[in-house]
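**Student:** Got a file for you: input-v2.txt, compact mmCIF, C-alpha atoms.
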```
# COMPACT_ATOMS: atom_id res chain seq x y z
CA MET A 10 49.23 257.76 261.03
CA ILE A 11 48.38 254.75 258.86
CA GLU A 12 45.42 252.68 260.03
CA LYS A 13 47.49 249.48 260.05
CA ASP A 14 44.73 247.25 261.41
CA LEU A 15 42.39 248.27 258.61
CA VAL A 16 45.15 247.84 256.01
CA ILE A 17 45.85 244.33 257.34
CA TYR A 18 42.14 243.51 257.36
CA ARG A 19 41.66 244.62 253.75
CA ARG A 20 44.74 242.73 252.59
CA ALA A 21 43.33 239.55 254.13
CA LYS A 22 39.88 240.32 252.71
CA ALA A 23 41.39 240.58 249.21
CA VAL A 24 42.91 237.09 249.45
CA GLU A 25 39.76 235.59 250.95
CA THR A 26 37.53 237.18 248.31
CA LEU A 27 39.70 235.87 245.48
CA ASP A 28 39.39 232.40 247.04
CA ASP A 29 35.61 232.90 246.95
CA ALA A 30 35.89 233.64 243.21
CA ARG A 31 37.68 230.32 242.68
CA VAL A 32 34.90 228.44 244.48
CA LEU A 33 32.27 230.18 242.39
CA VAL A 34 34.11 229.28 239.17
CA GLU A 35 34.21 225.64 240.27
CA HIS A 36 30.43 225.76 240.55
CA GLY A 37 29.90 227.53 237.23
CA ARG A 38 28.79 230.82 238.80
CA LEU A 39 30.81 233.03 236.48
CA ASP A 40 28.92 236.32 236.94
CA SER A 41 29.30 236.04 240.70
CA ALA A 42 32.95 235.07 240.27
CA VAL A 43 33.57 238.27 238.27
CA ASN A 44 32.01 240.23 241.12
CA ARG A 45 34.33 238.56 243.64
CA ILE A 46 37.40 239.07 241.43
CA TYR A 47 36.61 242.77 241.28
CA TYR A 48 36.07 243.02 245.01
CA ALA A 49 39.35 241.20 245.69
CA VAL A 50 41.29 243.83 243.74
CA PHE A 51 39.11 246.60 245.19
CA TYR A 52 40.03 245.54 248.75
CA ILE A 53 43.76 245.48 248.03
CA VAL A 54 43.58 248.88 246.29
CA SER A 55 41.62 250.25 249.25
CA ALA A 56 44.38 249.00 251.54
CA LEU A 57 47.00 250.67 249.35
CA LEU A 58 45.12 253.97 249.42
CA LEU A 59 45.00 253.83 253.21
CA THR A 60 48.81 253.74 253.32
CA ARG A 61 48.63 257.24 251.89
CA ARG A 62 45.67 258.28 254.06
CA LEU A 63 43.35 258.23 251.04
CA SER A 64 39.87 256.74 250.80
CA SER A 65 36.57 257.20 249.03
CA SER A 66 33.03 256.08 249.69
CA LYS A 67 32.55 255.47 245.95
CA HIS A 68 34.10 252.78 243.81
CA SER A 69 34.74 255.29 241.05
CA GLY A 70 36.55 257.47 243.58
CA VAL A 71 38.79 254.59 244.65
CA LYS A 72 39.58 253.87 241.01
CA SER A 73 40.32 257.53 240.29
CA MET A 74 42.62 257.92 243.31
CA PHE A 75 44.42 254.70 242.46
CA ILE A 76 45.07 255.79 238.87
CA GLN A 77 46.04 259.33 239.86
CA ASN A 78 48.28 258.50 242.82
CA PHE A 79 49.85 255.20 241.80
CA VAL A 80 49.50 254.45 238.09
CA LYS A 81 50.21 257.91 236.72
CA THR A 82 53.17 258.22 239.09
CA LYS A 83 54.43 254.83 237.84
CA ALA A 84 54.43 253.29 241.32
CA VAL A 85 52.06 250.73 239.77
CA SER A 86 52.47 249.44 236.23
CA MET A 87 50.18 250.52 233.42
CA GLU A 88 49.31 246.85 232.96
CA ASP A 89 48.05 246.57 236.54
CA GLY A 90 46.23 249.88 236.22
CA GLY A 91 44.59 248.66 233.03
CA PHE A 92 43.53 245.41 234.67
CA TYR A 93 41.89 247.28 237.54
CA SER A 94 39.99 249.52 235.13
CA SER A 95 38.90 246.54 233.02
CA ILE A 96 37.70 244.39 235.90
CA PHE A 97 35.87 247.46 237.28
CA GLU A 98 33.89 247.62 234.01
CA PHE A 99 33.31 243.86 233.80
CA ARG A 100 31.96 243.81 237.36
CA GLN A 101 29.49 246.54 236.41
CA LYS A 102 28.31 244.39 233.50
CA ALA A 103 28.16 241.23 235.62
CA ASP A 104 26.08 242.94 238.30
CA TYR A 105 23.86 245.30 236.34
CA ALA A 106 23.62 244.41 232.64
CA ASP A 107 21.15 241.95 231.21
CA TYR A 108 22.11 238.98 229.04
CA VAL A 109 25.80 239.19 229.87
CA LYS A 110 27.68 235.90 229.73
CA PHE A 111 31.31 235.32 230.61
CA ASP A 112 33.24 232.31 229.40
CA LEU A 113 35.15 230.05 231.75
CA GLU A 114 38.59 230.59 230.20
CA THR A 115 38.29 234.36 230.42
CA VAL A 116 37.19 234.30 234.05
CA GLN A 117 39.99 231.88 234.93
CA GLN A 118 42.47 234.25 233.25
CA TRP A 119 41.09 237.15 235.28
CA ILE A 120 41.66 235.15 238.45
CA LYS A 121 45.32 234.69 237.46
CA GLN A 122 45.62 238.39 236.67
CA ALA A 123 44.02 239.25 240.01
CA GLU A 124 46.52 236.99 241.82
CA SER A 125 49.38 238.85 240.16
CA PHE A 126 47.75 242.23 240.78
CA ILE A 127 47.18 241.50 244.47
CA SER A 128 50.77 240.30 244.83
CA HIS A 129 52.18 243.45 243.20
CA ILE A 130 50.01 245.80 245.23
CA ASP A 131 50.69 243.90 248.45
CA GLU A 132 54.45 244.29 247.91
CA LEU A 133 53.93 248.03 247.58
CA ILE A 134 51.80 248.12 250.73
CA VAL A 135 54.48 246.29 252.70
CA ARG A 136 57.10 248.79 251.54
CA PHE A 137 54.92 251.69 252.64
CA ILE A 138 54.13 250.12 256.00
CA ASP A 139 57.82 249.39 256.54
CA GLY A 140 58.53 253.09 256.32
CA GLU A 141 59.32 253.92 252.73
CA THR A 142 57.79 257.28 252.07
CA GLU A 143 57.87 257.45 248.29
CA ALA A 144 56.24 255.17 245.76
CA LYS A 145 59.01 253.93 243.52
CA PRO A 146 58.22 252.99 239.91
CA GLN A 147 57.92 249.29 239.22
```
Could the structure of this file be written out as structure tokens, please?

**Tutor:**
Amino acid sequence: MIEKDLVIYRRAKAVETLDDARVLVEHGRLDSAVNRIYYAVFYIVSALLLTRRLSSSKHSGVKSMFIQNFVKTKAVSMEDGGFYSSIFEFRQKADYADYVKFDLETVQQWIKQAESFISHIDELIVRFIDGETEAKPQ
């Protein structure tokens, strides 16, 4: 059985966290905004995995399961899969690398991509929750 309450919670958390990224951008906190963009897409992917009773305690595990179960099966576009992989790497740099600087235009573009990503993944989640059993290619 799908943990619907947790799926709903993570869907809401994704939207809220992306809003946090926007606030951080407004205040010039680009490294922190990159972190929040990543976590927004992480939360929605975590919710998607739960619809298939999948989860991982590691971020790399979530990424791997997402790619294996949704991108490689074409339920999620290669473009969205690529964005998730890219923002995963940029978050690592933002949080752990020294002397990393992000420019405003790039971070604003990532926010737009994250909005689109969250929308696409959320549509898939809704289909799964509504009873569709197979992930159909986008």

**Student:** With distances taken over only C-alpha atoms, which of A:Ala123, A:Val109, A:Leu27, A:Val16 is nearest to A:Gly90?

**Tutor:**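 Answer, going by the shortest atom-to-atom distance: A:Ala123.
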
**Student:** Which distance in Å separates atom CA of A:Ser73 and atom CA of A:Gln117, to one decimal?

**Tutor:**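 So the two atoms, atom CA of A:Ser73 and atom CA of A:Gln117, lie 26.2 Å apart.
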
**Student:** Which one is closest to A:Tyr105: A:Glu12, A:Asp139, A:Asp40, A:Asp29? Count all atoms listed in the file.

**Tutor:** A:Asp40

**Student:** What's the separation between atom CA of A:Ser64 and atom CA of A:Arg31, in Å to one decimal place?

**Tutor:**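 Distance between the two atoms: 27.7 Å.
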
**Student:** Got a sec: who's within 9 Å of A:Phe51, counting only C-alpha atoms, leaving out chain neighbours fewer than 2 positions off, as a PyMOL selection string?

**Tutor:** chain A and resi 23+46-49+53-56+68+71-72+93+97

**Student:** May I have the residues from that selection written out with C-alpha atoms, as a PDB file, in the coordinates of the input?

**Tutor:**
```pdb
ATOM      1  CA  ALA A  23      41.390 240.580 249.210  1.00  0.00           C
ATOM      2  CA  ILE A  46      37.400 239.070 241.430  1.00  0.00           C
ATOM      3  CA  TYR A  47      36.610 242.770 241.280  1.00  0.00           C
ATOM      4  CA  TYR A  48      36.070 243.020 245.010  1.00  0.00           C
ATOM      5  CA  ALA A  49      39.350 241.200 245.690  1.00  0.00           C
ATOM      6  CA  ILE A  53      43.760 245.480 248.030  1.00  0.00           C
ATOM      7  CA  VAL A  54      43.580 248.880 246.290  1.00  0.00           C
ATOM      8  CA  SER A  55      41.620 250.250 249.250  1.00  0.00           C
ATOM      9  CA  ALA A  56      44.380 249.000 251.540  1.00  0.00           C
ATOM     10  CA  HIS A  68      34.100 252.780 243.810  1.00  0.00           C
ATOM     11  CA  VAL A  71      38.790 254.590 244.650  1.00  0.00           C
ATOM     12  CA  LYS A  72      39.580 253.870 241.010  1.00  0.00           C
ATOM     13  CA  TYR A  93      41.890 247.280 237.540  1.00  0.00           C
ATOM     14  CA  PHE A  97      35.870 247.460 237.280  1.00  0.00           C
TER      15      PHE A  97
END
```

**Student:** Which distance in Å separates atom CA of A:Val34 and atom CA of A:Leu113, to one decimal?

**Tutor:**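 Atom-to-atom, atom CA of A:Val34 and atom CA of A:Leu113 are spaced 7.5 Å apart.
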
**Student:** So which one's closest to A:Lys121, A:Ile134, A:Thr60, A:Gly37, A:Asp28? Using only C-alpha atoms, please.

**Tutor:**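 Using only C-alpha atoms, A:Lys121 sits closest to A:Asp28.
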
**Student:** Nearest residue to A:Gly140 out of A:Arg61, A:Lys102, A:His36, A:Lys110, using all atoms listed in the file?

**Tutor:** A:Arg61

**Student:** Between A:Val43, A:Leu63, A:Val80, A:Val135, which residue has the minimum interatomic distance to A:Ser95, considering all atoms listed in the file?

**Tutor:** A:Val43

**Student:** Out of A:Val85, A:Phe99, A:Ser94, A:Ala106, which residue has the shortest atom-to-atom distance to A:His129 when counting all atoms listed in the file?

**Tutor:**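 That would be A:Val85, the residue with the smallest distance to A:His129.
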